[in-house]
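Dumped coords33.pdb below, it's PDB, C-alpha atoms:
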MODEL        1
ATOM      1  CA  MET A 242     -27.289  22.855 -16.674
ATOM      2  CA  GLY A 243     -24.800  24.417 -19.068
ATOM      3  CA  THR A 244     -21.983  22.031 -18.041
ATOM      4  CA  THR A 245     -21.295  19.320 -20.596
ATOM      5  CA  PHE A 246     -19.175  16.277 -19.846
ATOM      6  CA  ASN A 247     -16.588  15.891 -22.630
ATOM      7  CA  PRO A 248     -13.989  13.265 -21.597
ATOM      8  CA  THR A 249     -10.696  12.977 -23.486
ATOM      9  CA  ASN A 250     -10.225   9.743 -25.367
ATOM     10  CA  VAL A 251      -7.747   7.481 -23.604
ATOM     11  CA  GLN A 252      -5.219   6.599 -26.284
ATOM     12  CA  SER A 253      -2.395   5.701 -23.960
ATOM     13  CA  GLY A 254      -1.816   5.283 -20.314
ATOM     14  CA  PHE A 255      -5.187   3.557 -19.823
ATOM     15  CA  ARG A 256      -3.824   2.111 -16.620
ATOM     16  CA  ASP A 257      -3.089   5.615 -15.280
ATOM     17  CA  THR A 258      -5.297   5.879 -12.195
ATOM     18  CA  ASP A 259      -4.914   9.643 -11.948
ATOM     19  CA  ARG A 260      -6.334  10.124 -15.433
ATOM     20  CA  TRP A 261      -9.289   7.835 -14.732
ATOM     21  CA  ASN A 262      -9.970   9.501 -11.406
ATOM     22  CA  GLN A 263     -10.065  12.895 -13.111
ATOM     23  CA  ILE A 264     -12.509  11.581 -15.730
ATOM     24  CA  LEU A 265     -14.764  10.161 -13.018
ATOM     25  CA  ALA A 266     -14.600  13.457 -11.053
ATOM     26  CA  ASP A 267     -15.625  15.402 -14.168
ATOM     27  CA  LEU A 268     -18.485  12.973 -14.749
ATOM     28  CA  LYS A 269     -19.649  13.333 -11.140
ATOM     29  CA  THR A 270     -19.628  17.164 -11.405
ATOM     30  CA  ASP A 271     -21.564  17.106 -14.657
ATOM     31  CA  LEU A 272     -24.226  14.712 -13.339
ATOM     32  CA  GLU A 273     -24.724  16.887 -10.247
ATOM     33  CA  ASN A 274     -25.548  19.810 -12.548
ATOM     34  CA  LYS A 275     -28.305  17.886 -14.329
ATOM     35  CA  VAL A 276     -31.966  17.798 -13.265
ATOM     36  CA  ASP A 277     -32.771  14.323 -12.019
ATOM     37  CA  ARG A 278     -35.961  12.966 -13.622
ATOM     38  CA  ASN A 279     -36.731  11.024 -10.450
ATOM     39  CA  GLY A 280     -36.345  14.083  -8.233
ATOM     40  CA  VAL A 281     -33.314  12.741  -6.389
ATOM     41  CA  SER A 282     -31.589  15.463  -4.349
ATOM     42  CA  PRO A 283     -29.760  17.696  -5.060
ATOM     43  CA  ASN A 284     -32.351  18.645  -7.639
ATOM     44  CA  ALA A 285     -32.853  22.411  -7.188
ATOM     45  CA  MET A 286     -32.159  24.988  -9.872
ATOM     46  CA  ALA A 287     -29.227  27.323  -9.212
ATOM     47  CA  ALA A 288     -30.415  29.834 -11.840
ATOM     48  CA  ASP A 289     -33.458  30.701 -13.984
ATOM     49  CA  LEU A 290     -34.618  28.012 -16.405
ATOM     50  CA  ASP A 291     -35.022  29.320 -19.959
ATOM     51  CA  LEU A 292     -37.500  27.207 -21.947
ATOM     52  CA  GLY A 293     -36.735  29.085 -25.140
ATOM     53  CA  SER A 294     -40.442  29.828 -25.833
ATOM     54  CA  ASN A 295     -41.292  26.135 -25.484
ATOM     55  CA  ASN A 296     -44.264  24.840 -23.473
ATOM     56  CA  LEU A 297     -43.950  23.116 -20.126
ATOM     57  CA  LEU A 298     -46.192  20.073 -20.592
ATOM     58  CA  ASN A 299     -48.292  18.001 -18.154
ATOM     59  CA  VAL A 300     -47.969  20.452 -15.254
ATOM     60  CA  ALA A 301     -49.744  19.261 -12.114
ATOM     61  CA  GLU A 302     -52.127  21.584 -10.258
ATOM     62  CA  GLY A 303     -50.274  23.748  -7.768
ATOM     63  CA  THR A 304     -51.083  23.248  -4.082
ATOM     64  CA  ALA A 305     -48.447  25.181  -2.113
ATOM     65  CA  GLY A 306     -48.087  28.935  -2.180
ATOM     66  CA  THR A 307     -44.864  28.761  -4.198
ATOM     67  CA  ASP A 308     -46.098  26.118  -6.677
ATOM     68  CA  GLY A 309     -46.705  26.897 -10.321
ATOM     69  CA  VAL A 310     -50.240  26.583 -11.705
ATOM     70  CA  ASN A 311     -51.538  25.178 -14.979
ATOM     71  CA  LEU A 312     -53.918  26.764 -17.480
ATOM     72  CA  SER A 313     -56.892  24.717 -16.265
ATOM     73  CA  GLN A 314     -56.514  26.149 -12.767
ATOM     74  CA  VAL A 315     -56.435  29.712 -14.092
ATOM     75  CA  THR A 316     -59.456  29.125 -16.336
ATOM     76  CA  ASN A 317     -61.461  27.554 -13.503
ATOM     77  CA  LEU A 318     -60.558  30.446 -11.205
ATOM     78  CA  ALA A 319     -61.784  33.021 -13.742
ATOM     79  CA  THR A 320     -65.034  31.090 -14.185
ATOM     80  CA  ASN A 321     -65.602  30.857 -10.437
ATOM     81  CA  ILE A 322     -65.036  34.599 -10.007
ATOM     82  CA  ALA A 323     -67.512  35.361 -12.784
ATOM     83  CA  ASN A 324     -70.102  33.071 -11.224
ATOM     84  CA  THR A 325     -69.807  34.493  -7.716
ATOM     85  CA  ILE A 326     -69.591  38.271  -8.239
ATOM     86  CA  LEU A 327     -72.626  39.733  -6.499
ATOM     87  CA  SER A 328     -74.420  36.384  -6.765
ATOM     88  CA  SER A 329     -76.788  37.397  -3.984
ATOM     89  CA  THR A 330     -79.910  35.367  -3.338
ATOM     90  CA  GLY A 331     -81.749  38.653  -3.238
ATOM     91  CA  GLY A 332     -83.261  37.998   0.182
ATOM     92  CA  THR A 333     -86.897  37.102   0.667
ATOM     93  CA  GLY A 334     -88.679  37.120  -2.663
ATOM     94  CA  GLY A 335     -85.503  38.257  -4.478
ATOM     95  CA  THR A 336     -84.537  36.895  -7.856
ATOM     96  CA  GLY A 337     -80.801  37.092  -7.277
ATOM     97  CA  ALA A 338     -78.274  38.238  -9.854
ATOM     98  CA  ASP A 339     -77.052  36.975 -13.182
ATOM     99  CA  PRO A 340     -73.358  37.877 -13.078
ATOM    100  CA  ILE A 341     -71.849  38.131 -16.532
ATOM    101  CA  THR A 342     -68.167  38.555 -17.400
ATOM    102  CA  ILE A 343     -66.945  39.771 -20.765
ATOM    103  CA  ASN A 344     -63.298  39.568 -21.779
ATOM    104  CA  TYR A 345     -63.319  42.814 -23.694
ATOM    105  CA  GLY A 346     -60.153  42.037 -25.658
ATOM    106  CA  THR A 347     -61.691  38.822 -26.958
ATOM    107  CA  ALA A 348     -65.039  40.454 -27.669
ATOM    108  CA  ILE A 349     -63.658  43.202 -29.867
ATOM    109  CA  GLY A 350     -61.302  40.813 -31.584
ATOM    110  CA  SER A 351     -64.256  38.766 -32.795
ATOM    111  CA  GLN A 352     -65.856  41.903 -34.194
ATOM    112  CA  GLY A 353     -62.724  43.283 -35.832
ATOM    113  CA  ALA A 354     -62.584  46.553 -33.893
ATOM    114  CA  THR A 355     -59.640  48.241 -32.200
ATOM    115  CA  ASN A 356     -61.665  50.073 -29.553
ATOM    116  CA  ARG A 357     -65.302  50.301 -28.653
ATOM    117  CA  THR A 358     -67.981  52.351 -26.922
ATOM    118  CA  VAL A 359     -71.245  50.443 -27.556
ATOM    119  CA  PHE A 360     -72.192  47.040 -26.117
ATOM    120  CA  ASP A 361     -75.382  45.304 -27.216
ATOM    121  CA  LEU A 362     -76.177  43.073 -24.254
ATOM    122  CA  ALA A 363     -78.927  41.308 -26.180
ATOM    123  CA  SER A 364     -76.354  39.778 -28.524
ATOM    124  CA  LEU A 365     -73.396  39.589 -26.141
ATOM    125  CA  LEU A 366     -75.202  38.098 -23.155
ATOM    126  CA  GLY A 367     -78.274  36.539 -24.730
ATOM    127  CA  THR A 368     -80.719  38.575 -22.665
ATOM    128  CA  SER A 369     -83.582  40.587 -24.129
ATOM    129  CA  SER A 370     -84.214  42.734 -21.036
ATOM    130  CA  PHE A 371     -83.043  43.431 -17.500
ATOM    131  CA  SER A 372     -84.306  45.514 -14.612
ATOM    132  CA  GLY A 373     -81.000  47.036 -13.543
ATOM    133  CA  ILE A 374     -77.320  46.947 -14.361
ATOM    134  CA  THR A 375     -74.002  47.641 -12.679
ATOM    135  CA  VAL A 376     -70.958  48.271 -14.872
ATOM    136  CA  ILE A 377     -67.419  47.649 -13.612
ATOM    137  CA  VAL A 378     -64.367  48.643 -15.670
ATOM    138  CA  ASN A 379     -60.950  47.403 -14.530
ATOM    139  CA  GLY A 380     -62.359  46.838 -11.042
ATOM    140  CA  VAL A 381     -63.954  50.302 -10.712
ATOM    141  CA  VAL A 382     -67.751  50.734 -10.507
ATOM    142  CA  GLN A 383     -68.814  53.233 -13.171
ATOM    143  CA  ILE A 384     -71.219  56.130 -12.594
ATOM    144  CA  PRO A 385     -74.316  55.942 -14.804
ATOM    145  CA  GLY A 386     -74.911  59.043 -16.872
ATOM    146  CA  GLN A 387     -71.295  60.057 -16.444
ATOM    147  CA  SER A 388     -69.270  57.069 -17.628
ATOM    148  CA  TYR A 389     -72.020  55.330 -19.564
ATOM    149  CA  SER A 390     -75.686  55.410 -20.509
ATOM    150  CA  VAL A 391     -78.236  52.644 -21.021
ATOM    151  CA  SER A 392     -80.948  52.479 -23.665
ATOM    152  CA  GLY A 393     -82.944  49.251 -23.779
ATOM    153  CA  THR A 394     -80.291  46.525 -23.780
ATOM    154  CA  THR A 395     -77.528  48.759 -25.163
ATOM    155  CA  VAL A 396     -74.785  50.191 -22.963
ATOM    156  CA  THR A 397     -72.884  53.129 -24.452
ATOM    157  CA  PHE A 398     -69.690  54.402 -22.821
ATOM    158  CA  THR A 399     -68.823  58.090 -22.869
ATOM    159  CA  GLU A 400     -65.305  57.299 -24.058
ATOM    160  CA  SER A 401     -64.059  54.346 -26.077
ATOM    161  CA  LEU A 402     -62.365  51.569 -24.103
ATOM    162  CA  ASP A 403     -58.933  50.147 -24.825
ATOM    163  CA  ALA A 404     -58.695  46.631 -26.219
ATOM    164  CA  ASP A 405     -57.222  45.250 -22.960
ATOM    165  CA  THR A 406     -59.953  46.673 -20.714
ATOM    166  CA  ASP A 407     -61.774  44.248 -18.393
ATOM    167  CA  VAL A 408     -65.516  44.969 -18.362
ATOM    168  CA  PHE A 409     -68.082  43.358 -16.057
ATOM    169  CA  PHE A 410     -71.818  43.728 -16.669
ATOM    170  CA  ILE A 411     -73.883  42.631 -13.690
ATOM    171  CA  TYR A 412     -77.596  42.718 -14.356
ATOM    172  CA  GLY A 413     -80.764  41.499 -12.646
ATOM    173  CA  ASP A 414     -82.634  42.280  -9.455
ATOM    174  CA  LEU A 415     -79.915  42.685  -6.850
ATOM    175  CA  SER A 416     -80.516  42.824  -3.114
ATOM    176  CA  PRO A 417     -78.967  44.802  -1.627
ATOM    177  CA  SER A 418     -78.720  46.934  -4.731
ATOM    178  CA  PRO A 419     -75.172  48.131  -5.550
ATOM    179  CA  THR A 420     -74.665  51.826  -4.962
ATOM    180  CA  VAL A 421     -72.193  54.307  -6.353
ATOM    181  CA  SER A 422     -70.805  56.812  -3.879
ATOM    182  CA  LEU A 423     -70.308  60.339  -5.162
ATOM    183  CA  THR A 424     -68.649  61.554  -1.961
ATOM    184  CA  VAL A 425     -65.137  61.805  -3.377
ATOM    185  CA  ASN A 426     -66.281  63.861  -6.382
ATOM    186  CA  ASN A 427     -68.945  66.019  -4.727
ATOM    187  CA  TYR A 428     -69.668  69.270  -6.542
ATOM    188  CA  ASP A 429     -72.707  70.861  -4.906
ATOM    189  CA  ILE A 430     -74.295  74.067  -6.219
ATOM    190  CA  ALA A 431     -76.284  76.209  -3.758
ATOM    191  CA  VAL A 432     -78.352  79.390  -3.773
ATOM    192  CA  PHE A 433     -80.289  81.358  -1.125
ATOM    193  CA  VAL A 434     -82.887  84.088  -1.710
ATOM    194  CA  SER A 435     -83.861  86.080   1.402
ATOM    195  CA  SER A 436     -87.098  87.573   0.159
ATOM    196  CA  LEU A 437     -90.276  86.860  -1.733
ATOM    197  CA  LEU A 438     -89.699  85.574  -5.262
ATOM    198  CA  GLY A 439     -90.771  87.430  -8.376
ATOM    199  CA  ALA A 440     -92.555  85.585 -11.188
ATOM    200  CA  SER A 441     -90.015  83.619 -13.248
ATOM    201  CA  GLN A 442     -87.187  85.344 -11.381
ATOM    202  CA  GLU A 443     -83.768  83.889 -12.188
ATOM    203  CA  ILE A 444     -82.487  83.056  -8.727
ATOM    204  CA  LEU A 445     -79.381  81.142  -9.850
ATOM    205  CA  ARG A 446     -77.062  81.619 -12.807
ATOM    206  CA  PHE A 447     -74.047  79.305 -12.666
ATOM    207  CA  VAL A 448     -71.357  79.006 -15.365
ATOM    208  CA  ALA A 449     -69.800  75.535 -15.094
ATOM    209  CA  PRO A 450     -65.969  75.552 -14.946
ATOM    210  CA  ARG A 451     -65.959  71.774 -15.454
ATOM    211  CA  ASP A 452     -68.379  68.968 -16.343
ATOM    212  CA  VAL A 453     -70.855  68.357 -13.500
ATOM    213  CA  TYR A 454     -73.035  65.255 -13.196
ATOM    214  CA  PHE A 455     -76.490  65.090 -11.572
ATOM    215  CA  GLN A 456     -78.253  61.857 -10.660
ATOM    216  CA  ASP A 457     -81.753  60.944 -11.790
ATOM    217  CA  ASP A 458     -84.297  63.330 -10.236
ATOM    218  CA  PHE A 459     -81.399  65.335  -8.756
ATOM    219  CA  ALA A 460     -81.122  62.671  -6.042
ATOM    220  CA  ASP A 461     -79.950  63.942  -2.616
ATOM    221  CA  SER A 462     -80.597  67.587  -3.570
ATOM    222  CA  LYS A 463     -82.415  69.769  -1.011
ATOM    223  CA  LEU A 464     -84.792  72.747  -0.815
ATOM    224  CA  ASP A 465     -85.809  74.518   2.369
ATOM    225  CA  ALA A 466     -88.053  77.574   2.667
ATOM    226  CA  GLY A 467     -88.150  79.837   5.713
ATOM    227  CA  THR A 468     -91.751  80.723   4.929
ATOM    228  CA  ALA A 469     -94.144  78.125   3.484
ATOM    229  CA  ALA A 470     -95.777  78.485   0.089
ATOM    230  CA  THR A 471     -99.415  79.475  -0.203
ATOM    231  CA  ALA A 472    -100.008  77.414  -3.349
ATOM    232  CA  GLU A 473     -97.989  74.820  -5.235
ATOM    233  CA  ALA A 474     -94.821  76.455  -6.581
ATOM    234  CA  VAL A 475     -92.676  74.941  -9.350
ATOM    235  CA  PHE A 476     -89.084  76.041  -9.974
ATOM    236  CA  THR A 477     -87.471  75.246 -13.340
ATOM    237  CA  VAL A 478     -83.858  74.085 -13.719
ATOM    238  CA  LYS A 479     -82.316  74.830 -17.111
ATOM    239  CA  ASP A 480     -79.082  73.984 -18.948
ATOM    240  CA  ASN A 481     -78.253  76.635 -21.568
ATOM    241  CA  GLY A 482     -81.883  77.729 -21.560
ATOM    242  CA  THR A 483     -83.377  74.232 -21.968
ATOM    243  CA  SER A 484     -85.336  72.738 -19.090
ATOM    244  CA  ILE A 485     -83.665  69.697 -17.522
ATOM    245  CA  GLY A 486     -85.923  69.389 -14.487
ATOM    246  CA  THR A 487     -88.152  70.954 -11.866
ATOM    247  CA  ILE A 488     -88.347  71.519  -8.108
ATOM    248  CA  THR A 489     -91.878  71.498  -6.713
ATOM    249  CA  VAL A 490     -92.947  72.972  -3.371
ATOM    250  CA  ALA A 491     -96.389  71.807  -2.321
ATOM    251  CA  ALA A 492     -99.038  74.203  -0.976
ATOM    252  CA  ALA A 493     -98.160  75.010   2.649
ATOM    253  CA  GLY A 494     -94.859  73.195   2.080
ATOM    254  CA  THR A 495     -91.315  74.216   2.977
ATOM    255  CA  THR A 496     -89.395  71.429   1.193
ATOM    256  CA  GLY A 497     -89.079  70.508  -2.458
ATOM    257  CA  THR A 498     -89.595  67.489  -4.701
ATOM    258  CA  PHE A 499     -86.927  67.249  -7.406
ATOM    259  CA  ALA A 500     -87.446  65.747 -10.862
ATOM    260  CA  THR A 501     -85.274  65.539 -13.964
ATOM    261  CA  THR A 502     -86.663  65.626 -17.473
ATOM    262  CA  SER A 503     -84.609  62.722 -18.881
ATOM    263  CA  GLY A 504     -82.928  60.830 -16.050
ATOM    264  CA  GLU A 505     -79.298  61.605 -15.196
ATOM    265  CA  HIS A 506     -77.832  64.757 -16.655
ATOM    266  CA  THR A 507     -74.327  66.172 -17.090
ATOM    267  CA  ILE A 508     -73.681  69.840 -17.760
ATOM    268  CA  ASP A 509     -70.529  70.447 -19.761
ATOM    269  CA  ALA A 510     -67.795  72.927 -18.910
ATOM    270  CA  GLY A 511     -68.941  76.336 -20.126
ATOM    271  CA  ASP A 512     -72.664  75.523 -19.862
ATOM    272  CA  VAL A 513     -74.911  77.953 -17.991
ATOM    273  CA  LEU A 514     -77.094  76.351 -15.321
ATOM    274  CA  THR A 515     -80.044  78.445 -14.163
ATOM    275  CA  ILE A 516     -82.936  78.074 -11.724
ATOM    276  CA  GLU A 517     -86.073  80.124 -12.340
ATOM    277  CA  ALA A 518     -88.734  80.902  -9.726
ATOM    278  CA  PRO A 519     -92.360  79.818 -10.342
ATOM    279  CA  SER A 520     -94.068  81.556 -13.260
ATOM    280  CA  SER A 521     -96.670  82.978 -10.846
ATOM    281  CA  GLU A 522     -95.485  84.869  -7.794
ATOM    282  CA  ASP A 523     -96.423  83.106  -4.566
ATOM    283  CA  ALA A 524     -97.846  85.341  -1.853
ATOM    284  CA  THR A 525     -95.800  83.889   1.014
ATOM    285  CA  LEU A 526     -93.001  81.606  -0.222
ATOM    286  CA  ALA A 527     -89.749  83.251   0.893
ATOM    287  CA  ASP A 528     -86.246  82.714   2.246
ATOM    288  CA  VAL A 529     -85.646  79.796  -0.104
ATOM    289  CA  SER A 530     -82.419  77.793  -0.003
ATOM    290  CA  ILE A 531     -81.668  75.239  -2.748
ATOM    291  CA  THR A 532     -78.678  72.890  -2.982
ATOM    292  CA  LEU A 533     -78.187  70.733  -6.088
ATOM    293  CA  TYR A 534     -76.223  67.596  -5.260
ATOM    294  CA  GLY A 535     -73.716  67.043  -8.048
ATOM    295  CA  ALA A 536     -70.460  65.284  -8.810
ATOM    296  CA  ARG A 537     -67.393  66.327 -10.732
ATOM    297  CA  ALA A 538     -67.438  64.609 -14.105
ATOM    298  CA  SER A 539     -64.081  65.959 -15.283
TER     299      SER A 539
ENDMDL
END

Will you turn the file into structure tokens for me?
Amino acid sequence: MGTTFNPTNVQSGFRDTDRWNQILADLKTDLENKVDRNGVSPNAMAADLDLGSNNLLNVAEGTAGTDGVNLSQVTNLATNIANTILSSTGGTGGTGADPITINYGTAIGSQGATNRTVFDLASLLGTSSFSGITVIVNGVVQIPGQSYSVSGTTVTFTESLDADTDVFFIYGDLSPSPTVSLTVNNYDIAVFVSSLLGASQEILRFVAPRDVYFQDDFADSKLDAGTAATAEAVFTVKDNGTSIGTITVAAAGTTGTFATTSGEHTIDAGDVLTIEAPSSEDATLADVSITLYGARAS
């Protein structure tokens, strides 16, 4: 492509066949180094083609694996992905999902911000309410209560997101409902008391070395008693002295029902987590084992 044919003017010897043959040979070499508009072979590039920041116009849609693609193909692909993510029919009686994609970089640009933690879905997505939401950041499902919280139609992230972050909000009644596995980050806290329990006895005092996240109602946590309770017994779980939930053992029961005060909860590094026995001593409840199912949040 860089070869340029520059023949010498014939001022004398115009009947010299050697000179003319050399001119024709140079012309042939130069033409072979040009891209043929009709695609006549040889027509392959021998090196990278530098467009000098210029556009390549009227590009056809690629079909083969090594073909280039045009902007329309890329745009259509992004739209199709957004419209098919978790677009479940919801099964019998289900309402399906309304998958929504937000290009975070574009969204914050329109609002003049450099980074962001709060998303108002009512204004961004045009919805006034939803029954459930799944949040995906750069392809990773986020843990509610740890990475973000939801209040009404507002999603607030724990940490501000960079301008080039890809955020997906998927809301609606999904079937099957998406789940977030805490297996990789498990951080369980357990205690065992091998005797009767005194009134309001502090049976666990745990100083958190890192942030620890608990699901709503301490989901997947367990209580087992070697000897059943005579009457209903309620344990209190506290974070720095403030109640964050309860564990209730029914009369004649040996297992517990867990409840949190305000949904998911994260204790910060340095916080003191305690469990207190029922305020009234139960006559028989003994040999109690409790395991709080948590996840590392830092």

*Nearest candidate to Gly511 in chain A (options A:Ile485, A:Pro450, A:Thr525, A:Thr496; using all atoms listed in the file)*: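 So, comparing all the options, the nearest one is A:Pro450.
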
_Residue contacts of Leu438 in chain A (8 Å, all atoms listed in the file) excluding same-chain residues fewer than 3 positions away, as JSON, numbers by chain_ = {"A": [434, 442, 518, 522, 523, 526, 527]}

Can you turn the PyMOL selection byres ((chain A and resi 456) around 12) into a concrete residue list for this file, as a PDB file with C-alpha atoms, keeping the file's coordinate frame?
ATOM      1  CA  ILE A 384     -71.219  56.130 -12.594  1.00  0.00           C
ATOM      2  CA  PRO A 385     -74.316  55.942 -14.804  1.00  0.00           C
ATOM      3  CA  GLY A 386     -74.911  59.043 -16.872  1.00  0.00           C
ATOM      4  CA  GLN A 387     -71.295  60.057 -16.444  1.00  0.00           C
ATOM      5  CA  VAL A 421     -72.193  54.307  -6.353  1.00  0.00           C
ATOM      6  CA  SER A 422     -70.805  56.812  -3.879  1.00  0.00           C
ATOM      7  CA  LEU A 423     -70.308  60.339  -5.162  1.00  0.00           C
ATOM      8  CA  ASN A 427     -68.945  66.019  -4.727  1.00  0.00           C
ATOM      9  CA  VAL A 453     -70.855  68.357 -13.500  1.00  0.00           C
ATOM     10  CA  TYR A 454     -73.035  65.255 -13.196  1.00  0.00           C
ATOM     11  CA  PHE A 455     -76.490  65.090 -11.572  1.00  0.00           C
ATOM     12  CA  ASP A 457     -81.753  60.944 -11.790  1.00  0.00           C
ATOM     13  CA  ASP A 458     -84.297  63.330 -10.236  1.00  0.00           C
ATOM     14  CA  PHE A 459     -81.399  65.335  -8.756  1.00  0.00           C
ATOM     15  CA  ALA A 460     -81.122  62.671  -6.042  1.00  0.00           C
ATOM     16  CA  ASP A 461     -79.950  63.942  -2.616  1.00  0.00           C
ATOM     17  CA  SER A 462     -80.597  67.587  -3.570  1.00  0.00           C
ATOM     18  CA  ILE A 485     -83.665  69.697 -17.522  1.00  0.00           C
ATOM     19  CA  GLY A 486     -85.923  69.389 -14.487  1.00  0.00           C
ATOM     20  CA  PHE A 499     -86.927  67.249  -7.406  1.00  0.00           C
ATOM     21  CA  ALA A 500     -87.446  65.747 -10.862  1.00  0.00           C
ATOM     22  CA  THR A 501     -85.274  65.539 -13.964  1.00  0.00           C
ATOM     23  CA  THR A 502     -86.663  65.626 -17.473  1.00  0.00           C
ATOM     24  CA  SER A 503     -84.609  62.722 -18.881  1.00  0.00           C
ATOM     25  CA  GLY A 504     -82.928  60.830 -16.050  1.00  0.00           C
ATOM     26  CA  GLU A 505     -79.298  61.605 -15.196  1.00  0.00           C
ATOM     27  CA  HIS A 506     -77.832  64.757 -16.655  1.00  0.00           C
ATOM     28  CA  THR A 507     -74.327  66.172 -17.090  1.00  0.00           C
ATOM     29  CA  ILE A 508     -73.681  69.840 -17.760  1.00  0.00           C
ATOM     30  CA  LEU A 533     -78.187  70.733  -6.088  1.00  0.00           C
ATOM     31  CA  TYR A 534     -76.223  67.596  -5.260  1.00  0.00           C
ATOM     32  CA  GLY A 535     -73.716  67.043  -8.048  1.00  0.00           C
ATOM     33  CA  ALA A 536     -70.460  65.284  -8.810  1.00  0.00           C
ATOM     34  CA  ARG A 537     -67.393  66.327 -10.732  1.00  0.00           C
ATOM     35  CA  ALA A 538     -67.438  64.609 -14.105  1.00  0.00           C
TER      36      ALA A 538
END

*Pick out the closest residue to Pro519 in chain A from this set: A:Val475, A:Thr532, A:Val448, A:Asn481. Count all atoms listed in the file.*
A:Val475

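Among the candidates A:Asp528, A:Asp512, A:Asp271, A:Asp480, the one nearest to Leu464 in chain A when counting all atoms listed in the file is A:Asp528.
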
*asked:* Given the PyMOL selection byres ((chain A and resi 409) around 6) and the file above, list the residues it selects as a list in words.
replied: Thr342, Val376, Ile377, Val408 and Phe410 of chain A

*Between A:Gln383, A:Ala440, A:Val281, A:Val315, which is the closest to Thr399 in chain A once you count only C-alpha atoms?*
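The answer is A:Gln383, which sits nearest to Thr399 in chain A.
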
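Every residue that the PyMOL selection byres ((chain A and resi 478) around 9) selects in this file is listed here: Phe476, Thr477, Lys479, Asp480, Gly482, Thr483, Ser484, Ile485, Gly486, Thr487, Ile488, Thr501, Leu514, Thr515, Ile516 and Glu517 of chain A.
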
*Fewer than 6 positions away in the same chain doesn't count, so skip those; otherwise give me all residues within 10 Å of Asn284 in chain A, counting all atoms listed in the file, as a ChimeraX atom specification.*
/A:273-278

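Going from CA of Thr270 in chain A to CA of Thr307 in chain A covers 28.7 Å.
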
*Interatomic distance (Å, one decimal) between CA of Gly497 in chain A and CA of Ile374 in chain A*: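 Computed distance, CA of Gly497 in chain A to CA of Ile374 in chain A, equals 28.9 Å.
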
*asked:* Nearest residue to Leu445 in chain A out of A:Ala474, A:Ser388, A:Val381, A:Ile531, using only C-alpha atoms?
replied: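 The answer is A:Ile531, which sits nearest to Leu445 in chain A.
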